[in-house]
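To be precise, the following lines are protein.txt, and they hold compact mmCIF, C-alpha atoms.
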# COMPACT_ATOMS: atom_id res chain seq x y z
CA MET A 74 0.00 0.00 0.00
CA ARG A 75 2.80 2.40 0.86
CA GLU A 76 4.52 1.68 -2.45
CA GLN A 77 1.27 2.33 -4.33
CA ALA A 78 0.75 5.59 -2.47
CA ARG A 79 4.35 6.59 -3.17
CA ALA A 80 3.89 5.75 -6.86
CA ARG A 81 0.73 7.87 -7.01
CA ARG A 82 2.52 10.80 -5.38
CA THR A 83 5.40 10.43 -7.81
CA LEU A 84 3.03 10.39 -10.78
CA LEU A 85 1.21 13.48 -9.45
CA GLN A 86 4.50 15.28 -8.95
CA ARG A 87 5.53 14.48 -12.51
CA LEU A 88 2.21 15.74 -13.86
CA ARG A 89 2.55 18.98 -11.88
CA SER A 90 6.21 19.57 -12.65
CA PRO A 91 6.95 22.07 -15.43
CA ARG A 92 8.41 20.45 -18.51
CA PRO A 93 9.29 21.52 -22.04
CA PRO A 94 6.11 21.31 -24.14
CA GLN A 95 6.09 19.01 -27.15
CA LEU A 96 4.99 20.74 -30.35
CA TRP A 97 3.02 17.85 -31.86
CA PHE A 98 1.20 17.23 -28.59
CA GLU A 99 0.32 20.89 -28.09
CA ILE A 100 -1.04 21.29 -31.62
CA MET A 101 -3.16 18.18 -31.18
CA LEU A 102 -4.30 19.22 -27.69
CA VAL A 103 -5.34 22.74 -28.68
CA ALA A 104 -7.15 21.48 -31.78
CA VAL A 105 -8.99 18.70 -29.92
CA CYS A 106 -9.92 20.92 -26.98
CA TYR A 107 -11.24 23.72 -29.18
CA TRP A 108 -13.19 21.23 -31.30
CA THR A 109 -14.69 19.71 -28.15
CA TYR A 110 -15.52 23.16 -26.75
CA SER A 111 -17.22 24.22 -29.99
CA LEU A 112 -19.12 20.93 -30.23
CA ILE A 113 -20.45 21.19 -26.68
CA ARG A 114 -21.17 24.93 -26.93
CA ASN A 115 -23.13 24.52 -30.14
CA SER A 116 -24.92 21.40 -28.88
CA VAL A 117 -26.50 23.26 -25.97
CA PRO A 118 -30.25 23.58 -26.70
CA GLU A 119 -31.10 27.01 -28.05
CA GLN A 120 -33.61 28.12 -25.43
CA GLU A 121 -34.86 31.24 -27.17
CA ALA A 122 -37.55 32.23 -24.68
CA ALA A 123 -35.23 31.88 -21.66
CA ALA A 124 -32.38 33.59 -23.52
CA LEU A 125 -34.51 36.62 -24.38
CA ARG A 126 -35.95 36.75 -20.87
CA HIS A 127 -32.43 36.76 -19.41
CA ALA A 128 -31.37 39.48 -21.86
CA ASP A 129 -34.31 41.65 -20.78
CA TRP A 130 -33.38 41.12 -17.13
CA ILE A 131 -29.72 42.05 -17.67
CA TRP A 132 -30.66 45.13 -19.66
CA SER A 133 -33.13 46.22 -16.97
CA PHE A 134 -30.58 45.54 -14.23
CA GLN A 135 -27.94 47.62 -16.02
CA GLN A 136 -30.47 50.41 -16.43
CA ARG A 137 -31.16 50.38 -12.69
CA LEU A 138 -27.41 50.66 -12.14
CA GLY A 139 -27.24 53.55 -14.60
CA LEU A 140 -24.79 51.54 -16.71
CA ALA A 141 -26.89 50.55 -19.72
CA PHE A 142 -24.78 52.21 -22.39
CA GLU A 143 -24.31 49.44 -24.97
CA ASP A 144 -27.02 50.85 -27.27
CA SER A 145 -25.31 54.25 -27.33
CA VAL A 146 -21.95 52.67 -28.18
CA ASN A 147 -23.58 50.46 -30.80
CA HIS A 148 -25.35 53.34 -32.58
CA ALA A 149 -22.30 55.60 -32.37
CA VAL A 150 -19.91 53.16 -34.03
CA ASN A 151 -22.50 52.06 -36.59
CA GLY A 152 -22.51 55.59 -37.97
CA VAL A 153 -18.76 55.52 -38.65
CA GLY A 154 -18.15 53.21 -41.59
CA TRP A 155 -14.36 53.22 -41.41
CA LEU A 156 -14.60 52.12 -37.77
CA VAL A 157 -17.47 49.64 -37.63
CA VAL A 158 -16.34 47.47 -40.55
CA PRO A 159 -12.88 46.83 -39.05
CA MET A 160 -14.62 46.17 -35.73
CA ASN A 161 -16.68 43.42 -37.37
CA TYR A 162 -13.52 41.77 -38.66
CA TYR A 163 -11.79 42.33 -35.33
CA TYR A 164 -14.61 40.42 -33.60
CA ALA A 165 -14.42 37.60 -36.11
CA THR A 166 -10.66 37.08 -36.26
CA LEU A 167 -8.51 38.54 -33.48
CA HIS A 168 -10.25 36.36 -30.90
CA PHE A 169 -8.37 33.43 -32.45
CA ILE A 170 -5.29 35.10 -33.92
CA VAL A 171 -4.11 36.90 -30.77
CA THR A 172 -4.85 33.98 -28.44
CA LEU A 173 -2.98 31.49 -30.62
CA SER A 174 -0.13 33.98 -31.07
CA VAL A 175 0.25 34.34 -27.29
CA LEU A 176 0.26 30.55 -26.92
CA VAL A 177 3.00 30.27 -29.57
CA TRP A 178 5.00 33.04 -27.87
CA LEU A 179 4.70 31.27 -24.51
CA TYR A 180 5.74 27.99 -26.12
CA ARG A 181 8.87 29.55 -27.61
CA ARG A 182 9.94 32.07 -24.94
CA HIS A 183 8.45 30.73 -21.69
CA PRO A 184 8.29 26.93 -22.00
CA GLY A 185 8.45 26.47 -18.22
CA ARG A 186 5.31 28.59 -17.77
CA TYR A 187 3.51 27.37 -20.86
CA SER A 188 1.62 24.41 -19.39
CA ALA A 189 0.29 26.34 -16.40
CA THR A 190 -0.86 29.34 -18.44
CA ARG A 191 -2.40 27.08 -21.09
CA PHE A 192 -4.12 25.13 -18.31
CA THR A 193 -5.59 28.42 -17.06
CA LEU A 194 -7.00 29.17 -20.50
CA PHE A 195 -8.49 25.68 -20.84
CA ALA A 196 -10.07 25.78 -17.36
CA THR A 197 -11.52 29.22 -18.16
CA THR A 198 -13.03 27.97 -21.40
CA GLY A 199 -14.33 24.79 -19.82
CA VAL A 200 -16.21 26.50 -17.02
CA ALA A 201 -17.78 28.87 -19.57
CA LEU A 202 -19.71 25.89 -20.92
CA VAL A 203 -21.55 25.72 -17.62
CA GLY A 204 -22.80 29.24 -18.18
CA TYR A 205 -23.92 28.48 -21.72
CA TYR A 206 -25.93 25.49 -20.54
CA PHE A 207 -27.54 26.91 -17.40
CA TYR A 208 -27.89 30.55 -18.42
CA PRO A 209 -28.79 30.93 -22.09
CA LEU A 210 -28.57 34.58 -23.04
CA ALA A 211 -29.47 36.41 -26.22
CA PRO A 212 -26.94 38.98 -27.42
CA PRO A 213 -28.21 42.57 -27.57
CA ARG A 214 -28.56 42.47 -31.36
CA LEU A 215 -31.29 39.80 -31.05
CA MET A 216 -33.44 41.69 -28.54
CA PRO A 217 -36.71 42.57 -30.30
CA ASP A 218 -37.79 45.34 -27.92
CA VAL A 219 -34.54 47.32 -27.87
CA HIS A 220 -33.18 48.86 -31.05
CA PHE A 221 -29.69 47.41 -31.27
CA ILE A 222 -28.02 47.17 -34.67
CA ASP A 223 -26.49 43.93 -35.93
CA THR A 224 -23.49 45.57 -37.58
CA VAL A 225 -22.54 42.41 -39.48
CA ARG A 226 -25.91 42.27 -41.24
CA VAL A 227 -26.15 46.01 -41.85
CA HIS A 228 -22.68 46.35 -43.33
CA GLU A 229 -22.69 42.89 -44.97
CA THR A 230 -19.35 41.88 -43.55
CA TRP A 231 -18.11 38.49 -42.47
CA GLY A 232 -18.20 38.82 -38.72
CA SER A 233 -19.79 37.08 -35.79
CA MET A 234 -20.09 33.31 -35.93
CA ALA A 235 -23.55 33.79 -34.47
CA SER A 236 -24.67 36.34 -37.02
CA GLY A 237 -25.38 36.56 -40.69
CA ASN A 238 -25.05 33.43 -42.83
CA LEU A 239 -22.96 31.65 -40.17
CA ALA A 240 -25.74 31.67 -37.60
CA ASN A 241 -26.89 28.15 -38.44
CA VAL A 242 -23.59 26.64 -37.24
CA SER A 243 -23.31 28.48 -33.94
CA ASN A 244 -25.41 28.67 -30.80
CA GLN A 245 -27.09 32.07 -30.97
CA TYR A 246 -27.74 32.20 -27.24
CA ALA A 247 -24.31 31.41 -25.78
CA ALA A 248 -23.46 34.99 -24.84
CA MET A 249 -22.83 34.61 -21.10
CA PRO A 250 -19.96 34.52 -20.32
CA SER A 251 -18.10 36.24 -23.15
CA MET A 252 -15.02 34.27 -24.10
CA HIS A 253 -13.99 37.12 -26.36
CA ALA A 254 -13.58 39.07 -23.14
CA GLY A 255 -12.19 36.14 -21.13
CA TRP A 256 -9.59 35.14 -23.70
CA SER A 257 -8.53 38.74 -24.39
CA LEU A 258 -8.10 39.38 -20.67
CA TRP A 259 -5.99 36.22 -20.40
CA CYS A 260 -3.84 37.47 -23.28
CA GLY A 261 -3.53 40.93 -21.72
CA ILE A 262 -2.49 39.62 -18.29
CA VAL A 263 0.08 37.21 -19.75
CA ILE A 264 1.59 39.91 -21.97
CA VAL A 265 1.68 42.60 -19.27
CA ILE A 266 3.37 40.29 -16.76
CA LEU A 267 5.79 38.42 -19.02
CA ALA A 268 6.67 40.77 -21.87
CA ARG A 269 9.89 42.77 -21.52
CA ARG A 270 9.30 45.75 -23.78
CA THR A 271 7.12 48.53 -22.41
CA TRP A 272 5.27 49.12 -25.67
CA VAL A 273 4.33 45.44 -25.82
CA LYS A 274 3.00 45.63 -22.26
CA VAL A 275 0.95 48.68 -23.23
CA LEU A 276 -0.54 46.84 -26.22
CA GLY A 277 -1.29 43.90 -23.96
CA ALA A 278 -3.12 46.14 -21.51
CA LEU A 279 -5.11 47.83 -24.30
CA TYR A 280 -6.16 44.61 -26.02
CA PRO A 281 -8.90 43.51 -23.55
CA LEU A 282 -10.17 47.10 -23.36
CA ALA A 283 -10.39 47.27 -27.15
CA THR A 284 -12.16 43.91 -27.18
CA LEU A 285 -14.71 45.14 -24.63
CA PHE A 286 -15.39 48.15 -26.86
CA VAL A 287 -15.78 45.91 -29.92
CA ILE A 288 -18.13 43.35 -28.37
CA MET A 289 -20.41 46.14 -27.18
CA GLY A 290 -20.13 48.23 -30.33
CA THR A 291 -21.12 45.29 -32.55
CA ALA A 292 -24.02 44.43 -30.18
CA ASN A 293 -22.71 40.94 -29.55
CA HIS A 294 -22.43 41.27 -25.75
CA PHE A 295 -23.43 43.26 -22.71
CA TRP A 296 -20.65 44.49 -20.47
CA MET A 297 -21.96 42.01 -17.90
CA ASP A 298 -21.03 39.18 -20.30
CA ALA A 299 -17.48 40.49 -20.18
CA ALA A 300 -17.66 40.51 -16.39
CA GLY A 301 -18.74 36.88 -16.58
CA GLY A 302 -15.70 36.13 -18.74
CA ALA A 303 -13.47 37.76 -16.12
CA VAL A 304 -15.02 35.58 -13.40
CA CYS A 305 -14.34 32.48 -15.49
CA LEU A 306 -10.73 33.60 -15.94
CA ALA A 307 -10.36 34.07 -12.17
CA PHE A 308 -11.61 30.49 -11.80
CA GLY A 309 -9.05 29.34 -14.36
CA PHE A 310 -6.16 31.02 -12.57
CA THR A 311 -7.35 29.57 -9.25
CA VAL A 312 -7.56 26.01 -10.57
CA SER A 313 -4.13 26.35 -12.17
CA TYR A 314 -2.67 27.68 -8.93
CA PHE A 315 -3.97 24.77 -6.87
CA TRP A 316 -2.91 22.20 -9.45
CA TYR A 317 0.65 23.47 -9.84
CA GLY A 318 1.02 24.74 -6.28
CA THR A 319 2.04 28.22 -7.42
CA SER A 320 1.21 30.96 -9.89
CA ALA A 321 2.13 30.23 -13.48
CA PHE A 322 4.12 33.47 -13.53
CA ARG A 323 6.34 32.30 -10.66
CA MET A 324 7.34 29.12 -12.45
CA PRO A 325 10.75 29.02 -14.13
CA GLN A 326 10.94 30.46 -17.61
CA GLN A 327 13.09 27.61 -18.90
CA VAL A 328 13.03 23.98 -17.75
CA ALA A 329 15.01 20.88 -18.53
CA ALA A 330 13.34 17.74 -19.82
CA LEU A 331 12.24 15.35 -17.09
CA PRO A 332 14.11 12.02 -16.96

This entry written out as structure tokens:
Amino acid sequence: MREQARARRTLLQRLRSPRPPQLWFEIMLVAVCYWTYSLIRNSVPEQEAAALRHADWIWSFQQRLGLAFEDSVNHAVNGVGWLVVPMNYYYATLHFIVTLSVLVWLYRRHPGRYSATRFTLFATTGVALVGYYFYPLAPPRLMPDVHFIDTVRVHETWGSMASGNLANVSNQYAAMPSMHAGWSLWCGIVIVILARRTWVKVLGALYPLATLFVIMGTANHFWMDAAGGAVCLAFGFTVSYFWYGTSAFRMPQQVAALP
């Protein structure tokens, strides 16, 4: 029994110990995990009545707080063609491009911290599925009683996966929490803490703020969806901390291969 317990502790220590990531494994893992996430997210029943009821409640709650400003942002940016069209493409693409770029940067420059920071991102994304299942939420652009503008439809751009001619392959009512906000905040924190150049840190800090502006301006999310994404990210960092026994940012930048 003691030998079995010792073997289990040794295995757990090996799993928790930082190690150089393997490229083939990481590519496969990211692809499989994102495919699984998308499959589960888009398999959640589209509960339209509940989603619209929740959207009405959030909008009313924000009005009571005096913080219901998404419609003003949405209408303001919609009137500026040179701004709203790039925002549509920003929403559609940078969500993936920046996140994958940060993962690649971590893989190359911070291999000792890669697994823990990637684990944080995966835990954040995984817990978001709970929100999609138990709290279906319509994005502002689908609310019939409030005049939000679906900027993708109006400007005929390729944008939101839940808008336009891509709507039939994506769950329309998986708006809470916002993983655009959650992932961008993860990117921003990682860049601000680990980047060396000041201008890179500044860009990292601005990225989640720009994303918040975009998701509201395109009427894809309430600011409370972004708050939900931040809560999910806090959960991800917490799970990673308890698994590895320390913050990902305190782990060694470089590590040797385990024997």

Identify, on the basis of all atoms listed in the file, every residue whose closest approach to Pro159 of chain A does not exceed 12 Å; exclude the query and any residue fewer than 2 positions from it along the same chain; express the result as a PDB file with C-alpha atoms, in the coordinates of the input.
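Contents of around_24.pdb, as written:
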ATOM      1  CA  VAL A 150     -19.910  53.160 -34.030  1.00  0.00           C
ATOM      2  CA  ASN A 151     -22.500  52.060 -36.590  1.00  0.00           C
ATOM      3  CA  VAL A 153     -18.760  55.520 -38.650  1.00  0.00           C
ATOM      4  CA  GLY A 154     -18.150  53.210 -41.590  1.00  0.00           C
ATOM      5  CA  TRP A 155     -14.360  53.220 -41.410  1.00  0.00           C
ATOM      6  CA  LEU A 156     -14.600  52.120 -37.770  1.00  0.00           C
ATOM      7  CA  VAL A 157     -17.470  49.640 -37.630  1.00  0.00           C
ATOM      8  CA  ASN A 161     -16.680  43.420 -37.370  1.00  0.00           C
ATOM      9  CA  TYR A 162     -13.520  41.770 -38.660  1.00  0.00           C
ATOM     10  CA  TYR A 163     -11.790  42.330 -35.330  1.00  0.00           C
ATOM     11  CA  TYR A 164     -14.610  40.420 -33.600  1.00  0.00           C
ATOM     12  CA  ALA A 165     -14.420  37.600 -36.110  1.00  0.00           C
ATOM     13  CA  THR A 166     -10.660  37.080 -36.260  1.00  0.00           C
ATOM     14  CA  LEU A 167      -8.510  38.540 -33.480  1.00  0.00           C
ATOM     15  CA  THR A 224     -23.490  45.570 -37.580  1.00  0.00           C
ATOM     16  CA  VAL A 225     -22.540  42.410 -39.480  1.00  0.00           C
ATOM     17  CA  HIS A 228     -22.680  46.350 -43.330  1.00  0.00           C
ATOM     18  CA  THR A 230     -19.350  41.880 -43.550  1.00  0.00           C
ATOM     19  CA  TRP A 231     -18.110  38.490 -42.470  1.00  0.00           C
ATOM     20  CA  GLY A 232     -18.200  38.820 -38.720  1.00  0.00           C
ATOM     21  CA  VAL A 287     -15.780  45.910 -29.920  1.00  0.00           C
ATOM     22  CA  GLY A 290     -20.130  48.230 -30.330  1.00  0.00           C
ATOM     23  CA  THR A 291     -21.120  45.290 -32.550  1.00  0.00           C
TER      24      THR A 291
END

* Asked: Of the candidates A:Cys106, A:Met216, A:Ala300, A:Ala278, which shows the shortest atom-to-atom distance to His253 of chain A, using all atoms listed in the file?
  ->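 Counting all atoms listed in the file, the residue closest to His253 of chain A is A:Ala300.
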
* Name the residues within 7 Å of (1.0, 35.7, -13.3), counting all atoms listed in the file in the file's coordinates, and put them as a list of chain:residue names. =>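 Output: A:Val263, A:Ile266, A:Ser320, A:Ala321, A:Phe322, A:Arg323.
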
* Point-to-point distance in Å for atom CA of Thr193 of chain A and atom CA of Tyr180 of chain A ->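 That distance, rounded to one decimal, is 14.5 Å.
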
* Name the closest residue to Tyr187 of chain A among the candidates A:Ser133, A:Gln326, A:Thr284, A:Tyr110; distances are taken between atoms, counting only C-alpha atoms. =>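 Ranked by minimum distance to Tyr187 of chain A, first place goes to A:Gln326.
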